[in-house]
Structure formats: structure tokens, C-alpha cells
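Below is one structure, written out as C-alpha cells; the observations come after it.
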Amino acid sequence: MTQEKWGQLRNKLLKAIGKNNYTTWIEPLELQEVQDGVATFSVPTNFMGNYVSQNFADLILYEMNTAGESVQRLAFRVAANSPARPSSQAAATHAVVQESPQPQSLSQQAEPTSDALESLQAAPLDARFTFDTFVVGKPNELAHAAARRVSEGGPVTFNPLVLYGGVGLGKTHLMHAIAWELKTKRPELNVLYLSAEQFMYRFVQALRERRMMDFKHLFRSVDVLMVDDVQFIAGKDSTQEEFFHTFNALVDQNKQIIISADRAPGEIKDLEDRVKSRLQCGLVVDLHPTDYELRLGILQNKVQQYSSTYPDLTIADGVLEFLAHRISTNVRVLEGALTRLFAFASLVGREIDMELTQDCLADVLRASERKITVEEIQRKVSDYYNIRLSDIIGPKRLRSYARPRQVAMYLCKQLTSRSLPEIGRRFGGRDHTTVMHGVKRIEELKVTDGQIAEDVEMLRRALEA
């Protein structure tokens with residue numbers, strides 16, 4: 001493979017895994033050679049080679065083979081000029097960090113065993129993601145309760161369980177927690193957890209190696225199938241076809257299926273209608289954006305965990321409340337900010353007070369300035385008035401729908417930077433004059449109708465919290 005082709009392939013990896021993952025793990029890789037079915041990369045450290053091998057090997061292999069290269073495994077060598085190399089340059093030159101294992105033939109065993117199923121899980125379960133470390137609050141209590149019920153491994157009461165929500169709201173945490181609980185309480189069950197990408201790569205591999213019957217037999221012999229980020233298969237017709245048949249086969253056998261996605265099944269673009277229908281036939285649970293109380297609880301839980309690592313550090317009153325208020329969009333960012341804060345305070349030997357917090361986290365605080373979206377306003381208003389989101393956006397003109405719709409339009413105009421035509425498009429393609437009329441009507445009612453004024457104020461506070 002030429003460096004030019006590797007460069008083109010890296011662009012595909014960027015689109016597949018996102019900028020942050022790409023910059024951290026893929027960009028530092030230097031392709032050395034492709035020989036005898038082995039692609040060898042130079043890496044700065046042992047850790048990086050191990051991580052890439054565990055988390056991205058299947059993806060890289062898939063893209064290389066799609067590009068016409070016959071590659072069965074990857075090898076990683078510490079770069080000779082890396083500061084982390086052994087003292088002997090000769091040792092550094094020959095230090096193989098890790099070779100990604102050659103994909104196991106799916107036909108090596110007539111009956112799939114737990115070991116065979118475990119081999120399909122490209123990335124191990126995260127030991128931090130258990131029910132004990134999951135902080136429950138109003139935005140996630142239903143999802144937590146449903147996950148707890150499924151983790152008992154008893155009779156299947158709803159199938160599938162679909163958990164959906166934005167980034168950093170706890171979907172993957174709950175998926176891992178279910179898997180850990182099942183492995184502990186019901187070790188006899190064959191539990192398979194994998195991402196939708198991994199399902200697709202294994203499917204493509206089976207096609208390429210002409211082992212589809214083995215693939216079907218193995219995947220359909222599990223007791224619990226867990227697929228993370230199912231929106232990834234949208235638009236990939238062959239993969240959706242196989243996923244659909246796997247889904248049906250497991251449901252017919254009364255086996256449990258657990259799915260996560262970044263949005264509701266009906267809202268995933270390019271997902272086949274029959275797949276959407278199947279996903280919607282079970283329990284579909286939304287993990288809402290975190291509220292202030294839940295974020296504060298997460299921070300307090302993390303502080304307890306850090307108390308053993310940093311026994312001498314103290315944290316001033318008001319710091320956790322400040323962080324819970326200011327960093328509201330993503331739990332991962334919130335936890336990362338606290339981790340940085342504790343590490344910095346331990347290095348400089350200072351109490352974690354407001355001054356140190358603002359100095360240490362200046363960039364995080366700037367990036368986390370509250371950005372309210374039209375979709376968030378629509379959801380909050382529909383919840384407040386106890387109507388469906390589709391009625392807020394839809395064409396119905398009943399007063400019970402029209403007034404909340406006008407309130408939502410008014411809040412969009414006040415709390416976002418969207419133009420009137422943009423707001424109109426988000427409300428079912430309405431004209432900007434309709435939005436103008438709605439905004440003006442609510443402004444008038446705020447003066448004459450105390451209930452409307454109270455509704456608008458309460459919603460505004462909830463959105464800005």
C-alpha cells in the first residue's frame with residue numbers, strides 16, 4: 001500500500017470515528033510496510049499500539065481490504081526515535097508492541113461457546129461502567145429501571161430494549177452495566193456486546209471469506225445480544241438485511257435484545273422501515289439531557305471515588321455547584337473537568353477553590369457556555385404541556401396544540417440565534433410569517449394572561465438551568 005493510498009484511507013477513518021479519536025489514535029500511526037498479509041505500523045508508545053489494536057484493528061482491516069489490500073492482521077512497532085523506546089536502539093527496532101490477532105474463523109467450532117462469543121467483542125467491557133457507579137436522576141430513572149430489569153436475566157418482558165439519547169448521557173454506561181450484571185448473576189448465558197460497526201465488519205468479513213452460515217449460526221446462538229450505536233448501520237443495505245434476520249431469529253427464540261442509538265428509531269435517517277418497526281415494537285426509552293441535580297450528584301459521586309487517590313485534597317464549598325451549573329451539555333466533559341481539577345490541585349498543592357477552578361478550567365468553561373437548541377425547546381415544551389413532540393411540529397391547529405407551539409416558537413426566538421425562517425423549518429416547514437405571528441401573540445398574552453406569563457418564565461428557567 002502506498003503512502004498516498006494510506007492517506008486516502010485515513011480520511012475514511014476520520015469520518016468513521018470522529019475527529020477526537022482520529023487525532024489521538026490514528027493520526028500518529030505511520031505505515032511502514034504491508035507484507036505477507038501483515039500491515040506494520042510505527043507508533044510512538046506501547047500504550048498507543050495496544051489501544052489501537054484493541055479498539056480500531058477491525059476498522060482498519062476492513063478499510064484496507066475494501067481498498068484492495070489483502071491484510072489479515074496488524075503489527076505495531078515502537079518508533080526508533082520515540083522517547084519511550086528501550087535504551088538499546090536494536091531492541092527498539094525489533095520491539096513489536098502487539099499484533100492484532102488474525103480474525104478467528106467463524107467455522108472453527110461446530111457449536112459456539114462463550115469463548116467464541118467473547119472473541120467477537122473487540123473491546124472489553126469498561127470496569128468503571130457498572131450499576132454501582134451510575135448516578136440515577138429524573139432524566140434517566142426510567143432507562144435505569146429498564147436496564148436493571150433486563151440485567152436480572154429472567155423472562156423476557158419487553159424485546160427489544162432500546163436506549164436512546166445524545167452524547168454523554170449514559171447509554172453506553174448502562175449497556176456495559178447490563179453486561180457486567182448478567183455475567184455475574186447468570187454466567188451460563190451467552191452474552192454478546194458489540195458496536196454496530198463491529199457487527200458490520202464481522203458481517204463483511206464473513207461475506208469475504210464465504211462463511212455466512214457460520215456467521216448466522218454464531219450470532220443467532222446467543223442468549224443476549226447487545227448492539228451499541230445502531231444508527232451506524234443506517235444506509236448500509238446488506239448489513240441491515242442481516243441485522244433484521246438476526247433480530248427476528250433471536251426474538252422467535254425468546255432471546256433478549258438490547259439496542260442503543262443516538263436518537264429514536266423512527267428518527268434515524270436511512271434506516272429501513274422494517275428495521276425501525278422491529279426496534280419500535282419493544283420498550284423504547286429516552287435518556288433526557290441531565291438536569292442540575294443529576295449533574296451535582298455525578299460530581300459528588302466522583303469526589304468520593306477520588307478521596308482515596310487524593311486524600312489530602314480539600315474542595316471548597318460552592319465549587320461542585322458551580323461546575324454542575326456551568327458544564328451542562330455532556331457528562332463526559334463534566335467528569336473530565338473534575339479529573340483535571342483534582343490532578344492540577346495535587347500538582348500545585350492547593351485547595352480546590354473557585355479561583356483555582358476558573359484558572360484550571362478556563363477553556364472548558366468557555367467551550368461549555370450554554371447553547372440551547374430548537375429541538376431541546378420543542379421537547380421541553382411538549383413535556384411541560386403533556387403533549388407529543390409530533391403535535392408541536394405537526395399540522396394540527398387545535399388550541400391545545402397551537403398555543404404550546406407558539407410558546408415554543410417564542411422561546412426559540414428569545415433563546416437561540418436561529419433566524420425566523422430556520423425556526424419555521426424546524427416546526428414542520430412553516431413560513432417565517434407564521435413564526436412572527438406566534439412570537440407576537442405570546443408577547444401580547446404575557447401582558448394579559450398571567451398563566452401564559454408563568455408558563456413562559458418557568459420554561460425559560462428550566463432551559464437555562
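Chain labels run A, B, ... following the order of the C-alpha cells; each chain numbers its residues from 1, and ligands are numbered from 1 in the order shown.
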
Sorted by chain and rising residue number, which residues of stretch 163-264 of chain A lie within 10 Å of stretch 57-79 of chain A, and what are their closest atom pairs and distances in Å to one decimal, counting only C-alpha atoms, as a tab-separated table?
residue	atom	partner	partner_atom	distance
A:Glu197	CA	A:Leu59	CA	7.9
A:Gln198	CA	A:Asp58	CA	7.3
A:Met200	CA	A:Tyr62	CA	9.6
A:Tyr201	CA	A:Tyr62	CA	6.4
A:Arg202	CA	A:Asp58	CA	8.3
A:Val204	CA	A:Tyr62	CA	8.0
A:Gln205	CA	A:Tyr62	CA	7.7
A:Arg208	CA	A:Asn65	CA	9.5

Write the residues you've just listed into a file as a PDB file, in the first residue's frame, and include all heavy atoms for each of them.
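Once written, selection_35.pdb looks like this:
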ATOM      1  N   GLU A 197     -20.752  -1.017  14.396  1.00  0.00           N
ATOM      2  CA  GLU A 197     -19.629  -1.091  13.460  1.00  0.00           C
ATOM      3  C   GLU A 197     -19.014  -2.482  13.458  1.00  0.00           C
ATOM      4  O   GLU A 197     -18.704  -3.036  12.403  1.00  0.00           O
ATOM      5  CB  GLU A 197     -18.543  -0.069  13.819  1.00  0.00           C
ATOM      6  CG  GLU A 197     -18.970   1.377  13.688  1.00  0.00           C
ATOM      7  CD  GLU A 197     -19.237   1.994  15.030  1.00  0.00           C
ATOM      8  OE1 GLU A 197     -19.909   1.355  15.845  1.00  0.00           O
ATOM      9  OE2 GLU A 197     -18.783   3.112  15.272  1.00  0.00           O
ATOM     10  N   GLN A 198     -18.839  -3.054  14.659  1.00  0.00           N
ATOM     11  CA  GLN A 198     -18.235  -4.376  14.749  1.00  0.00           C
ATOM     12  C   GLN A 198     -19.130  -5.436  14.125  1.00  0.00           C
ATOM     13  O   GLN A 198     -18.646  -6.371  13.489  1.00  0.00           O
ATOM     14  CB  GLN A 198     -17.938  -4.698  16.215  1.00  0.00           C
ATOM     15  CG  GLN A 198     -16.808  -3.853  16.781  1.00  0.00           C
ATOM     16  CD  GLN A 198     -16.819  -3.800  18.289  1.00  0.00           C
ATOM     17  OE1 GLN A 198     -17.736  -4.303  18.937  1.00  0.00           O
ATOM     18  NE2 GLN A 198     -15.807  -3.182  18.873  1.00  0.00           N
ATOM     19  N   MET A 200     -21.071  -4.925  11.605  1.00  0.00           N
ATOM     20  CA  MET A 200     -20.917  -4.759  10.162  1.00  0.00           C
ATOM     21  C   MET A 200     -19.587  -5.344   9.679  1.00  0.00           C
ATOM     22  O   MET A 200     -19.539  -6.048   8.668  1.00  0.00           O
ATOM     23  CB  MET A 200     -20.992  -3.283   9.790  1.00  0.00           C
ATOM     24  CG  MET A 200     -20.939  -3.048   8.277  1.00  0.00           C
ATOM     25  SD  MET A 200     -20.758  -1.320   7.826  1.00  0.00           S
ATOM     26  CE  MET A 200     -19.031  -1.048   8.214  1.00  0.00           C
ATOM     27  N   TYR A 201     -18.500  -5.080  10.400  1.00  0.00           N
ATOM     28  CA  TYR A 201     -17.188  -5.568   9.965  1.00  0.00           C
ATOM     29  C   TYR A 201     -17.137  -7.092   9.971  1.00  0.00           C
ATOM     30  O   TYR A 201     -16.577  -7.717   9.061  1.00  0.00           O
ATOM     31  CB  TYR A 201     -16.080  -5.002  10.851  1.00  0.00           C
ATOM     32  CG  TYR A 201     -16.042  -3.500  10.870  1.00  0.00           C
ATOM     33  CD1 TYR A 201     -15.709  -2.807  12.036  1.00  0.00           C
ATOM     34  CD2 TYR A 201     -16.373  -2.742   9.746  1.00  0.00           C
ATOM     35  CE1 TYR A 201     -15.698  -1.418  12.068  1.00  0.00           C
ATOM     36  CE2 TYR A 201     -16.375  -1.371   9.769  1.00  0.00           C
ATOM     37  CZ  TYR A 201     -16.034  -0.712  10.931  1.00  0.00           C
ATOM     38  OH  TYR A 201     -16.031   0.652  10.972  1.00  0.00           O
ATOM     39  N   ARG A 202     -17.741  -7.711  11.001  1.00  0.00           N
ATOM     40  CA  ARG A 202     -17.759  -9.170  11.060  1.00  0.00           C
ATOM     41  C   ARG A 202     -18.625  -9.740   9.920  1.00  0.00           C
ATOM     42  O   ARG A 202     -18.313 -10.773   9.356  1.00  0.00           O
ATOM     43  CB  ARG A 202     -18.308  -9.640  12.400  1.00  0.00           C
ATOM     44  CG  ARG A 202     -17.487  -9.198  13.593  1.00  0.00           C
ATOM     45  CD  ARG A 202     -16.113  -9.825  13.595  1.00  0.00           C
ATOM     46  NE  ARG A 202     -15.329  -9.394  14.751  1.00  0.00           N
ATOM     47  CZ  ARG A 202     -14.123  -9.829  15.046  1.00  0.00           C
ATOM     48  NH1 ARG A 202     -13.538 -10.712  14.253  1.00  0.00           N
ATOM     49  NH2 ARG A 202     -13.481  -9.378  16.103  1.00  0.00           N
ATOM     50  N   VAL A 204     -19.114  -8.305   6.952  1.00  0.00           N
ATOM     51  CA  VAL A 204     -18.354  -8.151   5.710  1.00  0.00           C
ATOM     52  C   VAL A 204     -17.249  -9.196   5.640  1.00  0.00           C
ATOM     53  O   VAL A 204     -16.975  -9.791   4.587  1.00  0.00           O
ATOM     54  CB  VAL A 204     -17.771  -6.724   5.612  1.00  0.00           C
ATOM     55  CG1 VAL A 204     -16.816  -6.613   4.426  1.00  0.00           C
ATOM     56  CG2 VAL A 204     -18.893  -5.704   5.474  1.00  0.00           C
ATOM     57  N   GLN A 205     -16.608  -9.455   6.767  1.00  0.00           N
ATOM     58  CA  GLN A 205     -15.547 -10.458   6.806  1.00  0.00           C
ATOM     59  C   GLN A 205     -16.101 -11.837   6.447  1.00  0.00           C
ATOM     60  O   GLN A 205     -15.489 -12.591   5.673  1.00  0.00           O
ATOM     61  CB  GLN A 205     -14.943 -10.489   8.207  1.00  0.00           C
ATOM     62  CG  GLN A 205     -13.891 -11.573   8.411  1.00  0.00           C
ATOM     63  CD  GLN A 205     -13.497 -11.695   9.876  1.00  0.00           C
ATOM     64  OE1 GLN A 205     -13.647 -10.754  10.639  1.00  0.00           O
ATOM     65  NE2 GLN A 205     -13.019 -12.848  10.260  1.00  0.00           N
ATOM     66  N   ARG A 208     -16.687 -12.017   2.792  1.00  0.00           N
ATOM     67  CA  ARG A 208     -15.439 -12.116   2.031  1.00  0.00           C
ATOM     68  C   ARG A 208     -14.858 -13.522   2.116  1.00  0.00           C
ATOM     69  O   ARG A 208     -14.296 -14.048   1.147  1.00  0.00           O
ATOM     70  CB  ARG A 208     -14.448 -11.083   2.574  1.00  0.00           C
ATOM     71  CG  ARG A 208     -13.168 -10.955   1.744  1.00  0.00           C
ATOM     72  CD  ARG A 208     -12.301  -9.813   2.235  1.00  0.00           C
ATOM     73  NE  ARG A 208     -11.861 -10.009   3.598  1.00  0.00           N
ATOM     74  CZ  ARG A 208     -12.165  -9.210   4.626  1.00  0.00           C
ATOM     75  NH1 ARG A 208     -12.965  -8.171   4.437  1.00  0.00           N
ATOM     76  NH2 ARG A 208     -11.720  -9.448   5.839  1.00  0.00           N
TER      77      ARG A 208
END

List the neighbours of A:Gly266 out to 7 Å using only C-alpha atoms; skip same-chain residues closer than 2 positions along the sequence, and give me the result as a VMD selection string. chain A and resid 264 268 276

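When atom CA of A:Pro155 is paired with atom CA of A:Met226, their separation reads 16.6 Å.
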
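By only C-alpha atoms, and with residues fewer than 4 positions from A:Leu169 along its chain excluded, the set lying at most 7 Å from it is A:Gly165, A:Leu287, A:Pro289, A:Asn330, A:Val331.
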
Kindly save the residues from that selection, with N, CA, C and O atoms included, as a PDB file, in the first residue's frame.
ATOM      1  N   GLY A 165     -30.453   8.519  23.177  1.00  0.00           N
ATOM      2  CA  GLY A 165     -30.200   9.850  23.717  1.00  0.00           C
ATOM      3  C   GLY A 165     -28.913  10.403  23.139  1.00  0.00           C
ATOM      4  O   GLY A 165     -28.184   9.712  22.413  1.00  0.00           O
ATOM      5  N   LEU A 287     -33.080   8.761  27.186  1.00  0.00           N
ATOM      6  CA  LEU A 287     -32.269   9.355  28.250  1.00  0.00           C
ATOM      7  C   LEU A 287     -32.220  10.855  27.990  1.00  0.00           C
ATOM      8  O   LEU A 287     -31.591  11.310  27.040  1.00  0.00           O
ATOM      9  N   PRO A 289     -31.471  14.944  28.499  1.00  0.00           N
ATOM     10  CA  PRO A 289     -30.311  15.716  28.952  1.00  0.00           C
ATOM     11  C   PRO A 289     -30.329  15.861  30.469  1.00  0.00           C
ATOM     12  O   PRO A 289     -31.398  15.980  31.089  1.00  0.00           O
ATOM     13  N   ASN A 330     -22.681  17.746  28.619  1.00  0.00           N
ATOM     14  CA  ASN A 330     -22.089  16.430  28.415  1.00  0.00           C
ATOM     15  C   ASN A 330     -21.465  15.929  29.708  1.00  0.00           C
ATOM     16  O   ASN A 330     -20.603  16.585  30.285  1.00  0.00           O
ATOM     17  N   VAL A 331     -21.910  14.755  30.172  1.00  0.00           N
ATOM     18  CA  VAL A 331     -21.403  14.193  31.419  1.00  0.00           C
ATOM     19  C   VAL A 331     -19.915  13.862  31.303  1.00  0.00           C
ATOM     20  O   VAL A 331     -19.157  14.015  32.257  1.00  0.00           O
TER      21      VAL A 331
END

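Secondary structure by DSSP on the backbone puts the following residues of stretch 222-274 of chain A in helix (DSSP H, G or I): Val230, Gln231, Phe232, Ile233, Asp237, Ser238, Thr239, Gln240, Glu241, Glu242, Phe243, Phe244, His245, Thr246, Phe247, Asn248, Ala249, Leu250, Val251, Asp252, Pro265, Gly266, Glu267, Asp273 and Arg274 of chain A.
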
Could you check which of A:Leu163, A:Leu341, A:Val38, A:Ala145 is closest to A:Gln280, using only C-alpha atoms?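 Among A:Leu163, A:Leu341, A:Val38, A:Ala145, it is A:Leu163 that comes nearest to A:Gln280.
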
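You can rank A:Val319, A:Val43, A:Leu334, A:Leu161 by their closest distance to A:Gln358 using only C-alpha atoms, and at the top of that list sits A:Val319.
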